[in-house]
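Reading through the structure tokens given below for one structure.
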Amino acid sequence: MAIEHGTFSLTLLPNNIIVADAKGPWNIEAVDHYHIDVAAIVNEFAGNPWHHIAILRCETVFIPQVIARLEQHFLWRKQNNVQSDTTILTDSFSKNISKQQITQIFEKLEMTHFFASDLDTALQQIAKLKAVTKK
């Protein structure tokens, strides 16, 4: 087994919002570790809707194997009642490529996704989405 590359921390905010603060680059082992930790939190939601915000720091270009693993994880999110995903790219060396890769995954899986410049903006997007869904 390879050594895990990439770090992350998870924070649970009110209203079932998971914030992942991650620093790349990431390999499959890091994505698998991340999936296990997110799944443990989501299991506590007992099927209730939730939202995900990812703050991605530094290198965010994904190798093909990581993209495939992320697709599996994102599909799992969709199957486990995620309502939205927001990505914040910080100190990215290749912001445009990263945005393209991330957008392609979410479009392929037909999932709601936003990009935001900071955490406050991401939380505002979730609040707007919740307001629209309540109507």
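By order in the structure tokens, chains are A, B, ...; within a chain, residues start at 1; ligands start at 1, following the order shown.
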Q. Which parts of segment 20-72 of chain A does DSSP call strand (DSSP E or B) when run on the backbone here, written out as a VMD selection string?
A. chain A and resid 20 to 24 50 to 58
Q.
Show me, as a VMD selection string, the residues that have an atom within 8 Å of segment 34-48 of chain A when counting only C-alpha atoms, minus same-chain residues fewer than 6 positions from it.
A. chain A and resid 8 10 16 73 80 to 81
Q: Please indicate the distance in Å from atom CA of Leu123 of chain A to atom CA of Ser84 of chain A, rounded to one decimal place.
A: 10.9 Å
Q: Work out how far apart atom CA of Ser9 of chain A and atom CA of Asn27 of chain A are and give it in Å to one decimal.
A: 15.9 Å
Q | Backbone-only DSSP, alpha helix (DSSP H) members of chain A, as a ChimeraX atom specification | A | /A:28-43,64-79,95-108,119-134
**Q.** Counting only C-alpha atoms, the residue of A:Asp118, A:Glu107, A:Glu29, A:Asp21 that sits nearest Glu4 of chain A
**A.**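 Going through A:Asp118, A:Glu107, A:Glu29, A:Asp21 one by one, the smallest distance to Glu4 of chain A is for A:Glu29.
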For Trp50 of chain A, find every residue with an atom within 6 Å (counting only C-alpha atoms), except residues of its own chain fewer than 2 positions away, and show them as a PDB file with all heavy atoms, in the first residue's frame.
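Result saved to out.pdb:
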```pdb
ATOM      1  N   ASN A  16     -26.249  20.143   9.401  1.00  0.00           N
ATOM      2  CA  ASN A  16     -25.629  19.063   8.637  1.00  0.00           C
ATOM      3  C   ASN A  16     -24.771  19.562   7.479  1.00  0.00           C
ATOM      4  O   ASN A  16     -24.883  19.090   6.347  1.00  0.00           O
ATOM      5  CB  ASN A  16     -26.685  18.086   8.117  1.00  0.00           C
ATOM      6  CG  ASN A  16     -27.390  17.350   9.225  1.00  0.00           C
ATOM      7  OD1 ASN A  16     -26.978  17.412  10.377  1.00  0.00           O
ATOM      8  ND2 ASN A  16     -28.448  16.647   8.892  1.00  0.00           N
ATOM      9  N   ILE A  17     -23.898  20.507   7.767  1.00  0.00           N
ATOM     10  CA  ILE A  17     -22.955  21.011   6.776  1.00  0.00           C
ATOM     11  C   ILE A  17     -21.569  20.506   7.157  1.00  0.00           C
ATOM     12  O   ILE A  17     -21.070  20.802   8.244  1.00  0.00           O
ATOM     13  CB  ILE A  17     -22.962  22.548   6.702  1.00  0.00           C
ATOM     14  CG1 ILE A  17     -24.355  23.061   6.302  1.00  0.00           C
ATOM     15  CG2 ILE A  17     -21.896  23.037   5.716  1.00  0.00           C
ATOM     16  CD1 ILE A  17     -24.515  24.565   6.400  1.00  0.00           C
ATOM     17  N   VAL A  82     -26.889  13.977  -0.166  1.00  0.00           N
ATOM     18  CA  VAL A  82     -26.226  15.282  -0.171  1.00  0.00           C
ATOM     19  C   VAL A  82     -27.078  16.219  -1.027  1.00  0.00           C
ATOM     20  O   VAL A  82     -27.600  15.826  -2.070  1.00  0.00           O
ATOM     21  CB  VAL A  82     -24.768  15.207  -0.688  1.00  0.00           C
ATOM     22  CG1 VAL A  82     -24.691  14.950  -2.180  1.00  0.00           C
ATOM     23  CG2 VAL A  82     -24.001  16.464  -0.319  1.00  0.00           C
ATOM     24  N   GLN A  83     -27.248  17.447  -0.569  1.00  0.00           N
ATOM     25  CA  GLN A  83     -28.081  18.410  -1.283  1.00  0.00           C
ATOM     26  C   GLN A  83     -27.261  19.352  -2.151  1.00  0.00           C
ATOM     27  O   GLN A  83     -27.763  19.869  -3.136  1.00  0.00           O
ATOM     28  CB  GLN A  83     -28.908  19.224  -0.281  1.00  0.00           C
ATOM     29  CG  GLN A  83     -29.833  18.359   0.553  1.00  0.00           C
ATOM     30  CD  GLN A  83     -30.828  17.602  -0.299  1.00  0.00           C
ATOM     31  OE1 GLN A  83     -31.670  18.190  -0.960  1.00  0.00           O
ATOM     32  NE2 GLN A  83     -30.720  16.283  -0.315  1.00  0.00           N
TER      33      GLN A  83
END
```
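Of the listed residues (A:Thr133, A:Thr11, A:Thr86, A:Gln101), A:Gln101 comes nearest to Phe62 of chain A; the distances count only C-alpha atoms.
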Which neighbours of Ala30 of chain A fall inside 8 Å, counting only C-alpha atoms, when residues of the same chain fewer than 6 positions from it are skipped, and could you give them as a compact mmCIF listing (two decimals) with N, CA and C atoms, in the first residue's frame?
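As written to disk, result16.txt reads:
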```txt
# COMPACT_ATOMS: atom_id res chain seq x y z
N GLU A 4 -0.07 7.67 2.16
CA GLU A 4 -1.10 8.67 1.88
C GLU A 4 -0.47 10.03 1.61
N HIS A 5 -0.91 10.67 0.50
CA HIS A 5 -0.46 12.02 0.16
C HIS A 5 -1.66 12.94 0.19
N GLY A 6 -1.52 14.05 0.89
CA GLY A 6 -2.62 15.00 1.05
C GLY A 6 -3.13 14.93 2.47
N THR A 7 -3.61 16.05 2.96
CA THR A 7 -4.14 16.11 4.32
C THR A 7 -5.52 16.75 4.29
```
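With only C-alpha atoms taken into account, the protein and nucleic acid residues at most 9 Å from Ala116 of chain A (excluding it and anything under 5 positions from it in its own chain) are Thr86, Thr87, Ile88, Leu89, Thr121, Ala122 and Gln125 of chain A.
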Q: Would you mind listing what lies within 12 Å of Trp26 of chain A as a ChimeraX atom specification, with only C-alpha atoms counted and same-chain residues fewer than 6 positions away left out?
A: /A:2-8,32-34,56-67,69-70
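You can rank A:Val132, A:Leu75, A:Ile97, A:Val19 by their closest distance to Met111 of chain A using only C-alpha atoms, and at the top of that list sits A:Leu75.
Of note, atom CA of Phe74 of chain A and atom CA of Phe106 of chain A are spaced 7.9 Å apart.
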